[in-house]
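Here is entry.cif, consisting of mmCIF, C-alpha atoms:
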data_data
#
loop_
_atom_site.label_atom_id
_atom_site.label_comp_id
_atom_site.auth_asym_id
_atom_site.auth_seq_id
_atom_site.Cartn_x
_atom_site.Cartn_y
_atom_site.Cartn_z
CA MET A 1 2.63 14.83 26.06
CA VAL A 2 5.99 14.95 27.85
CA TRP A 3 9.03 16.15 25.87
CA VAL A 4 12.69 15.77 26.88
CA ALA A 5 15.24 17.81 24.91
CA LEU A 6 18.74 19.27 25.17
CA ASP A 7 18.72 22.58 27.05
CA LYS A 8 19.63 24.94 24.19
CA ASP A 9 18.30 28.38 23.31
CA GLN A 10 18.90 27.96 19.59
CA TYR A 11 16.08 26.07 17.89
CA LYS A 12 18.40 24.00 15.67
CA GLU A 13 20.40 22.78 18.68
CA ARG A 14 17.41 21.98 20.88
CA LEU A 15 17.40 18.29 19.96
CA LEU A 16 14.50 16.20 21.15
CA LEU A 17 15.63 13.02 22.91
CA MET A 18 12.30 11.41 23.66
CA HIS A 19 8.62 12.15 24.06
CA THR A 20 5.54 10.24 25.00
CA GLU A 21 1.93 10.67 25.88
CA VAL A 22 1.14 10.49 29.60
CA PRO A 23 -2.41 10.67 30.98
CA VAL A 24 -3.25 13.25 33.63
CA GLY A 25 -2.22 11.79 37.01
CA GLY A 26 0.16 9.42 35.29
CA SER A 27 3.94 9.23 35.60
CA PHE A 28 6.81 9.13 33.14
CA GLN A 29 10.23 7.70 34.03
CA PHE A 30 13.31 8.41 31.95
CA TYR A 31 17.05 7.84 32.03
CA LEU A 32 19.60 10.47 31.01
CA ARG A 33 23.32 10.97 30.70
CA PRO A 34 24.92 13.88 32.59
CA GLY A 35 24.02 17.20 31.02
CA ASP A 36 21.46 19.99 30.84
CA TYR A 37 17.97 19.24 29.64
CA GLN A 38 14.55 20.81 29.16
CA VAL A 39 11.42 18.95 30.15
CA ARG A 40 8.19 20.21 28.69
CA ALA A 41 4.72 18.84 29.27
CA SER A 42 1.87 20.08 27.11
CA ASP A 43 -1.65 19.21 26.18
CA GLU A 44 -3.82 19.64 23.12
CA LYS A 45 -5.19 22.96 24.39
CA GLY A 46 -1.73 24.43 24.75
CA CYS A 47 -1.41 24.19 28.55
CA GLU A 48 2.28 23.90 29.30
CA PHE A 49 4.72 22.96 32.04
CA PHE A 50 8.40 23.74 31.51
CA GLN A 51 11.40 22.85 33.64
CA LYS A 52 15.15 22.90 33.11
CA ILE A 53 17.04 20.07 34.77
CA LYS A 54 20.72 19.38 35.35
CA VAL A 55 21.80 15.76 35.48
CA LYS A 56 25.07 15.14 37.33
CA ASP A 57 25.17 11.39 37.91
CA LEU A 58 26.38 9.01 35.24
CA VAL A 59 22.85 7.82 34.56
CA SER A 60 19.90 9.41 36.28
CA ASN A 61 16.45 8.04 36.60
CA ILE A 62 13.91 10.85 36.74
CA GLU A 63 10.22 10.52 37.37
CA ILE A 64 7.63 13.13 36.48
CA LYS A 65 4.03 13.01 37.62
CA MET A 66 1.45 14.82 35.50
CA VAL A 67 -1.14 16.62 37.65
CA LYS A 68 -3.92 18.93 36.50
CA LYS A 69 -4.62 21.93 38.76
CA MET B 1 -1.37 -37.31 -10.91
CA LYS B 2 -2.00 -34.05 -12.77
CA PHE B 3 -3.41 -32.62 -9.58
CA LEU B 4 -0.26 -33.66 -7.70
CA PHE B 5 1.99 -31.91 -10.26
CA SER B 6 -0.15 -28.78 -10.03
CA LEU B 7 0.10 -28.90 -6.27
CA LEU B 8 3.89 -29.31 -6.41
CA ALA B 9 4.21 -26.47 -8.93
CA LEU B 10 2.10 -24.26 -6.68
CA PHE B 11 4.25 -25.21 -3.69
CA PHE B 12 7.53 -24.33 -5.44
CA ALA B 13 6.05 -21.12 -6.85
CA SER B 14 4.93 -20.01 -3.41
CA GLN B 15 8.39 -20.90 -1.96
CA ALA B 16 10.06 -18.82 -4.68
CA LEU B 17 7.95 -15.86 -3.68
CA ALA B 18 8.51 -16.38 0.01
CA ASN B 19 12.31 -16.68 0.04
CA CYS B 20 14.88 -15.24 -2.37
CA LYS B 21 18.19 -16.62 -3.60
CA VAL B 22 21.53 -15.23 -2.43
CA GLY B 23 22.24 -12.04 -4.35
CA GLN B 24 18.64 -10.90 -4.39
CA ILE B 25 16.55 -8.58 -2.28
CA ARG B 26 13.12 -9.38 -0.97
CA SER B 27 10.90 -6.39 -1.70
CA TRP B 28 7.26 -5.43 -1.29
CA ASN B 29 4.82 -2.92 -2.65
CA LYS B 30 1.10 -2.66 -2.21
CA GLU B 31 0.31 -3.22 -5.91
CA THR B 32 2.35 -6.33 -6.69
CA GLY B 33 3.08 -7.71 -3.24
CA TYR B 34 6.36 -9.59 -2.67
CA SER B 35 9.09 -10.09 -5.26
CA CYS B 36 12.77 -11.09 -5.42
CA ILE B 37 14.90 -8.56 -7.27
CA GLN B 38 18.52 -7.71 -7.96
CA ARG B 39 18.11 -3.98 -7.66
CA PHE B 40 15.24 -2.14 -6.05
CA GLN B 41 13.04 -0.25 -8.46
CA SER B 42 10.04 1.44 -7.04
CA ASP B 43 7.35 1.81 -9.67
CA ILE B 44 5.48 4.32 -7.54
CA ALA B 45 7.40 7.29 -6.24
CA ASP B 46 7.03 8.27 -2.63
CA CYS B 47 5.31 11.56 -1.92
CA VAL B 48 8.65 12.62 -0.50
CA THR B 49 10.71 11.90 -3.62
CA CYS B 50 8.20 13.27 -6.12
CA GLN B 51 7.94 16.69 -4.55
CA GLY B 52 10.62 18.13 -6.82
CA CYS B 53 9.32 16.71 -10.11
CA ASN B 54 6.13 18.62 -10.71
CA GLU B 55 5.90 19.21 -14.49
CA LYS B 56 3.85 22.37 -14.04
CA GLY B 57 6.79 24.09 -12.42
CA PRO B 58 7.98 24.44 -8.86
CA THR B 59 5.33 24.50 -6.17
CA PHE B 60 5.71 25.87 -2.68
CA GLU B 61 6.35 22.31 -1.45
CA SER B 62 8.86 21.48 -4.21
CA LEU B 63 10.94 24.57 -3.41
CA PHE B 64 11.54 23.07 0.02
CA ALA B 65 11.92 19.44 -1.06
CA ASN B 66 15.64 19.32 -0.22
CA PHE B 67 15.30 20.89 3.19
CA PRO B 68 15.65 18.73 6.33
CA SER B 69 12.59 16.83 7.38
CA ALA B 70 11.62 19.27 10.10
CA VAL B 71 10.44 21.59 7.32
CA TYR B 72 8.62 18.88 5.41
CA GLN B 73 5.03 18.66 6.61
CA PRO B 74 2.93 15.58 5.96
CA LYS B 75 -0.63 16.55 5.03
CA SER B 76 -2.33 15.55 8.25
CA LEU B 77 -0.43 15.85 11.49
CA PRO B 78 -1.53 14.89 14.99
CA TRP B 79 -1.80 17.82 17.43
CA TRP B 80 1.47 16.97 19.17
CA ALA B 81 3.41 17.16 15.89
CA HIS B 82 2.55 20.87 15.47
CA GLN B 83 3.80 21.59 18.98
CA GLY B 84 6.87 19.42 18.45
CA ASN B 85 7.78 21.18 15.21
CA PHE B 86 7.53 24.53 16.95
CA HIS B 87 10.00 23.60 19.67
CA TYR B 88 12.36 20.95 18.24
CA PRO B 89 14.23 20.65 14.92
CA ASN B 90 14.29 16.83 14.89
CA LEU B 91 10.63 16.12 15.53
CA HIS B 92 10.47 14.05 12.32
CA PHE B 93 13.18 11.71 13.56
CA PRO B 94 12.77 8.97 16.18
CA GLY B 95 15.41 10.57 18.43
CA VAL B 96 18.72 12.38 18.06
CA TRP B 97 19.72 11.35 14.55
CA LYS B 98 23.04 11.16 12.75
CA ASN B 99 23.47 10.85 9.00
CA ARG B 100 26.54 8.81 8.12
CA ALA B 101 28.04 7.81 4.80
CA SER B 102 27.68 4.10 5.56
CA SER B 103 24.49 3.95 7.61
CA SER B 104 22.31 6.58 9.22
CA GLY B 105 20.65 6.10 12.56
CA ILE B 106 20.31 7.15 16.17
CA ASP B 107 23.18 9.15 17.61
CA ALA B 108 23.83 6.89 20.60
CA LYS B 109 26.15 9.29 22.42
CA TYR B 110 23.11 11.21 23.69
CA TYR B 111 21.59 8.15 25.39
CA PRO B 112 22.71 6.11 28.41
CA GLY B 113 23.12 2.35 28.46
CA LYS B 114 24.35 -0.23 25.98
CA GLY B 115 23.01 -1.78 22.81
CA GLU B 116 23.09 -0.84 19.15
CA VAL B 117 19.37 -1.42 18.59
CA HIS B 118 17.28 1.46 19.89
CA ALA B 119 13.84 -0.03 20.39
CA LEU B 120 11.56 2.96 20.53
CA LYS B 121 8.10 3.12 21.91
CA PRO B 122 7.32 -0.50 22.27
CA ASN B 123 3.71 -0.15 23.34
CA ILE B 124 1.82 -2.96 25.06
CA TYR B 125 -1.94 -3.22 24.57
CA ILE B 126 -4.46 -5.55 26.13
CA GLU B 127 -7.57 -7.35 24.93
CA SER B 128 -9.27 -9.23 27.74
CA ILE B 129 -12.61 -10.85 28.45
CA HIS B 130 -12.50 -9.36 31.96
CA GLU B 131 -13.96 -6.05 33.05
CA GLU B 132 -11.44 -6.00 35.88
CA LYS B 133 -8.50 -8.28 36.54
CA LYS B 134 -5.24 -7.81 38.46
CA PHE B 135 -1.99 -8.32 36.59
CA THR B 136 1.78 -7.97 36.98
CA PHE B 137 3.97 -7.56 33.93
CA SER B 138 7.69 -8.10 34.69
CA PHE B 139 10.91 -7.85 32.75
CA THR B 140 12.77 -10.92 34.01
CA SER B 141 16.16 -10.70 32.31
CA LYS B 142 19.16 -11.49 34.52
CA GLU B 143 21.25 -9.14 32.38
CA GLU B 144 21.37 -5.43 33.12
CA LEU B 145 18.74 -3.72 30.98
CA SER B 146 19.21 -0.34 29.30
CA PHE B 147 15.82 1.30 29.60
CA LEU B 148 15.59 4.86 28.30
CA ALA B 149 12.02 5.63 29.36
CA THR B 150 8.88 3.95 30.67
CA THR B 151 5.28 4.94 31.31
CA PRO B 152 4.18 4.26 33.98
CA PRO B 153 7.44 3.89 35.93
CA LEU B 154 8.63 0.35 36.66
CA ASP B 155 8.94 -0.70 40.30
CA ALA B 156 12.15 -2.01 41.90
CA LYS B 157 11.48 -5.47 40.46
CA LYS B 158 11.22 -4.04 36.95
CA SER B 159 7.47 -4.68 36.94
CA TRP B 160 4.19 -2.96 36.27
CA SER B 161 1.40 -4.04 38.65
CA GLY B 162 -2.18 -2.96 38.32
CA LYS B 163 -5.53 -3.93 36.88
CA ILE B 164 -6.90 -4.57 33.44
CA ILE B 165 -10.08 -2.49 33.27
CA HIS B 166 -12.98 -2.39 30.82
CA LYS B 167 -11.35 -5.24 28.87
CA ASP B 168 -8.90 -3.04 26.96
CA ARG B 169 -7.14 -0.59 29.32
CA PHE B 170 -4.66 -0.72 32.17
CA GLU B 171 -4.97 0.94 35.55
CA VAL B 172 -1.80 1.47 37.56
CA GLU B 173 -1.95 3.37 40.86
CA ASP B 174 -5.45 4.64 40.05
CA VAL B 175 -4.40 6.10 36.69
CA ARG B 176 -5.75 4.72 33.44
CA TYR B 177 -3.37 4.03 30.58
CA ASP B 178 -4.31 3.02 27.03
CA TYR B 179 -1.00 1.17 26.83
CA LEU B 180 2.19 0.46 28.75
CA PHE B 181 5.24 2.03 27.15
CA TYR B 182 9.03 1.75 27.22
CA ASP B 183 12.13 2.72 25.23
CA ILE B 184 15.15 0.41 25.52
CA ARG B 185 18.53 -0.34 23.96
CA LEU B 186 19.10 -3.95 22.90
CA PRO B 187 22.14 -5.84 21.55
CA GLN B 188 22.31 -6.12 17.76
CA ASP B 189 23.77 -9.66 17.83
CA LYS B 190 20.56 -11.01 19.37
CA MET B 191 18.46 -9.78 16.46
CA GLN B 192 17.83 -11.48 13.14
CA PHE B 193 18.91 -9.72 9.93
CA SER B 194 18.06 -12.30 7.26
CA ARG B 195 14.26 -12.20 7.22
CA GLY B 196 12.23 -9.21 6.12
CA LEU B 197 11.85 -7.05 3.03
CA CYS B 198 12.72 -3.69 1.50
CA ALA B 199 10.21 -1.08 0.41
CA THR B 200 9.66 2.63 -0.04
CA ARG B 201 9.03 4.65 3.12
CA GLU B 202 5.31 4.79 2.43
CA ALA B 203 5.10 1.06 1.68
CA THR B 204 7.18 0.27 4.78
CA ILE B 205 4.56 1.88 7.00
CA LYS B 206 1.76 0.14 5.09
CA TRP B 207 3.49 -3.25 5.35
CA MET B 208 4.06 -2.94 9.11
CA LEU B 209 0.41 -1.97 9.60
CA GLN B 210 -0.68 -4.91 7.47
CA ASP B 211 1.58 -7.25 9.47
CA LEU B 212 0.03 -6.04 12.75
CA THR B 213 -3.46 -6.30 11.26
CA GLU B 214 -2.83 -9.91 10.20
CA MET B 215 -1.69 -10.66 13.76
CA LYS B 216 -5.02 -9.21 14.92
CA TYR B 217 -3.71 -6.23 16.87
CA PRO B 218 -6.58 -4.14 18.25
CA ALA B 219 -7.75 -1.06 16.35
CA ILE B 220 -6.35 1.38 18.92
CA ALA B 221 -2.88 -0.20 18.56
CA LEU B 222 -3.01 0.20 14.76
CA GLN B 223 -4.24 3.78 15.05
CA ASP B 224 -1.50 4.75 17.51
CA PHE B 225 1.13 3.03 15.37
CA GLU B 226 0.12 4.89 12.22
CA GLU B 227 -0.22 8.27 13.94
CA HIS B 228 3.17 8.04 15.63
CA TRP B 229 5.34 6.44 12.94
CA LYS B 230 3.99 8.45 10.01
CA VAL B 231 5.58 11.41 11.77
CA LYS B 232 8.63 9.80 13.34
CA ILE B 233 10.11 7.69 10.53
CA PRO B 234 12.68 9.92 8.78
CA ASP B 235 12.23 10.91 5.15
CA PHE B 236 14.52 8.33 3.60
CA PRO B 237 13.10 7.06 0.31
CA PHE B 238 13.74 3.37 1.08
CA TYR B 239 13.85 1.13 4.11
CA CYS B 240 14.69 -2.50 4.76
CA ILE B 241 12.53 -3.99 7.51
CA TYR B 242 13.82 -6.79 9.76
CA PRO B 243 10.91 -7.92 11.97
CA GLN B 244 11.76 -9.36 15.37
CA TYR B 245 9.00 -11.45 16.86
CA ASN B 246 8.62 -13.49 20.06
CA LYS B 247 11.49 -15.81 19.11
CA GLN B 248 14.06 -13.00 19.23
CA LEU B 249 12.43 -10.73 21.81
CA ASP B 250 11.67 -13.41 24.40
CA GLU B 251 15.35 -14.33 24.38
CA VAL B 252 16.82 -10.85 24.57
CA LEU B 253 14.12 -9.28 26.73
CA PRO B 254 12.20 -12.02 28.57
CA VAL B 255 9.01 -11.04 30.37
CA SER B 256 6.50 -12.78 32.59
CA ILE B 257 2.84 -11.99 33.09
CA SER B 258 1.32 -13.10 36.38
CA LEU B 259 -2.14 -13.69 35.05
CA GLU B 260 -3.64 -17.02 34.06
CA PHE B 261 -4.73 -17.70 30.48
CA SER B 262 -2.59 -14.92 29.04
CA ASN B 263 -0.58 -14.60 25.88
CA LEU B 264 1.89 -11.96 24.67
CA ASN B 265 2.33 -11.31 20.96
CA ARG B 266 5.51 -9.30 20.27
CA SER B 267 6.77 -7.54 17.17
CA LEU B 268 9.60 -5.05 16.84
CA TYR B 269 10.46 -3.78 13.36
CA VAL B 270 14.14 -2.89 12.96
CA LEU B 271 14.35 -0.35 10.12
CA ILE B 272 17.50 0.33 8.10
CA PRO B 273 17.19 3.49 5.99
CA HIS B 274 18.58 3.69 2.46
CA LYS B 275 19.25 6.95 0.64
CA LYS B 276 18.93 5.28 -2.77
CA GLU B 277 17.39 2.17 -4.26
CA PRO B 278 18.89 -0.89 -2.51
CA ASP B 279 21.27 -2.72 -4.85
CA VAL B 280 22.72 -6.17 -4.07
CA ASP B 281 25.92 -5.32 -5.92
CA GLU B 282 26.78 -2.69 -3.33
CA PRO B 283 28.34 -3.89 -0.05
CA GLN B 284 26.12 -3.41 3.00
CA LEU B 285 26.84 -3.34 6.73
CA ILE B 286 23.55 -5.14 7.29
CA PRO B 287 22.75 -7.79 4.63
CA PHE B 288 19.60 -7.30 2.59
CA PRO B 289 16.72 -9.52 3.71
CA ILE B 290 16.18 -12.57 1.50
CA LEU B 291 13.94 -14.78 3.62
CA ASP B 292 10.26 -14.50 4.42
CA SER B 293 9.50 -13.11 7.89
CA VAL B 294 5.88 -14.22 7.82
CA GLU B 295 7.11 -17.82 8.11
CA VAL B 296 8.41 -17.12 11.62
CA ARG B 297 5.65 -14.80 12.73
CA PRO B 298 3.89 -15.96 15.91
CA VAL B 299 0.61 -17.63 15.10
CA VAL B 300 -2.02 -17.47 17.80
CA LEU B 301 -4.52 -20.20 17.09
CA ILE B 302 -6.10 -20.10 20.51
CA LYS B 303 -7.91 -17.03 21.76
CA TYR B 304 -6.67 -16.48 25.31
CA GLU B 305 -8.65 -14.73 28.03
CA ASN B 306 -6.01 -11.99 28.13
CA MET B 307 -4.21 -11.13 24.91
CA PHE B 308 -1.28 -8.75 25.40
CA LYS B 309 0.03 -7.27 22.13
CA GLU B 310 3.27 -5.35 21.83
CA TRP B 311 4.52 -3.33 18.86
CA GLY B 312 7.68 -1.27 18.45
CA VAL B 313 10.00 0.18 15.83
CA ALA B 314 13.79 0.17 16.21
CA PHE B 315 16.73 1.89 14.53
CA LEU B 316 20.41 1.16 14.81
CA GLY B 317 22.59 3.63 16.66
CA GLU B 318 26.29 4.11 17.18
#
Using structure tokens, write down the structure from this file.
Amino acid sequence: MVWVALDKDQYKERLLLMHTEVPVGGSFQFYLRPGDYQVRASDEKGCEFFQKIKVKDLVSNIEIKMVKK
Amino acid sequence: MKFLFSLLALFFASQALANCKVGQIRSWNKETGYSCIQRFQSDIADCVTCQGCNEKGPTFESLFANFPSAVYQPKSLPWWAHQGNFHYPNLHFPGVWKNRASSSGIDAKYYPGKGEVHALKPNIYIESIHEEKKFTFSFTSKEELSFLATTPPLDAKKSWSGKIIHKDRFEVEDVRYDYLFYDIRLPQDKMQFSRGLCATREATIKWMLQDLTEMKYPAIALQDFEEHWKVKIPDFPFYCIYPQYNKQLDEVLPVSISLEFSNLNRSLYVLIPHKKEPDVDEPQLIPFPILDSVEVRPVVLIKYENMFKEWGVAFLGE
């Protein structure tokens, strides 16, 4: 599962914008307004990937590829 | 002659049930089916609304009945809902949500693009007779499209190209997908808001599942729909459902499939939440549905070699 949320430390402000299931090896493409975001990828067993991203352009198209190591 | 009268009476009776007069609301519940009413009265309370009325005294759940939905826990949650609850306060909403006095919906300022209708998670499934068959699925609109997300990513021509494998899966760039997915914003004026029905939250989910079942969506599509939307439809007690089928969607978001003997069945349910029982005497931004949506539902009489089926749920956003 890939989660895209506002980059906030406070739980109540960390609003989730979108999330979807992506198979291992698969890719997820999303479009965001300028701002700071958190991208989290997690699986049923609790394995996690976490990345903060800053979007500067008016609309950015970001692609994430899910890989198992 | 008697038979003819009976037939006519049956015809008019069925018409009366299908479409309502002006000043009525078309409603549905699982016990009585469709009816035309002046004011919505649900005979069966939702599990959400009855939490606070336990005669034996307050329970743990009832103490928290008025808290935001993030605290409310449906009995069985998919694994991702537990993780989502842990990290995000609005997991039980379809996106960033704003409650307004007139109409609640998606808070559009957090999303790029244009369009009042936020079509979320349209998923596309496949049922094919082929073990392996190449396909290209393209969004062909000449207008600029406001995608919010897709899985897998679209190419420069706004297409997915790959193979149908094992009759019911997609393979794109050597990765297997149960379904193709996208989120998009669409213009409200291209949608229909006269056909549909109003129901409780629970009945809304049941009706949409029944609608998809009657259109012969595959089991995996129904299972995914129920799992996702049971969690993601906010805890409003009532909803009015305005189904958009091929007629609306092919116009606003045309697609082409480069595969012979294929068919695409599309349904997108636009949901308008209501905090209290819908009442025709109260002015509404979106008119209550009075006409039958089943009348305009796509009917697939021929079984094609490749049956693509798309479902989605949409909310309005400002």
Problem - Interface list for chain B, partner chain A, 9 Å threshold, all atoms listed in the file, as a count of residues only - result: 38
Exercise for the section: Apply the PyMOL selection byres ((chain B and resi 35) around 12) to the structure shown and report the selected residues as a count of residues only. Expected result: 35
Practice task
Run the PyMOL selection byres ((chain A and resi 50) around 9) mentally over the shown coordinates, then write out the matched residues as JSON, numbers by chain, using the chain letters and numbers from the document.
Solution key: {"A": [38, 39, 40, 41, 42, 48, 49, 51, 52]}
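Distance-wise, atom CA of B:Ala219 and atom CA of B:Lys309 end up 11.5 Å apart.
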Completion exercise
atom CA of B:His228 to atom CA of B:Glu132 measures 28.6 Å
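Atom CA of B:Glu202 to atom CA of B:Phe238 spans 8.7 Å [interatomic distance, one decimal].
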Exercise for the section: Dump as a PyMOL selection string all residues having an atom at most 12 Å from (8.4, 1.8, 4.5), computed in the file's coordinates with only C-alpha atoms. Expected result: chain B and resi 27-30+42+46+48+196-210+226+229-230+232-242+269-274+313
Exercise for the section: For B:Lys247, list every protein, DNA or RNA residue within 10 Å, evaluated using all atoms listed in the file, and leave out those in the same chain fewer than 6 positions away; present the list as JSON, numbers by chain. Expected result: {"B": [191, 192, 266, 267, 296, 297, 298]}
Exercise for the section: Point out the residue among B:Leu268, B:Leu77, B:Ile106, B:Val299 with the least atom-to-atom distance to B:Leu316, counting only C-alpha atoms. Expected result: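 Answer, going by the shortest atom-to-atom distance: B:Ile106.
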Practice task
Could you list the residues chosen by the PyMOL selection byres ((chain A and resi 36) around 7) in this structure as a PyMOL selection string?
Solution key: chain A and resi 6-7+35+37+53-55
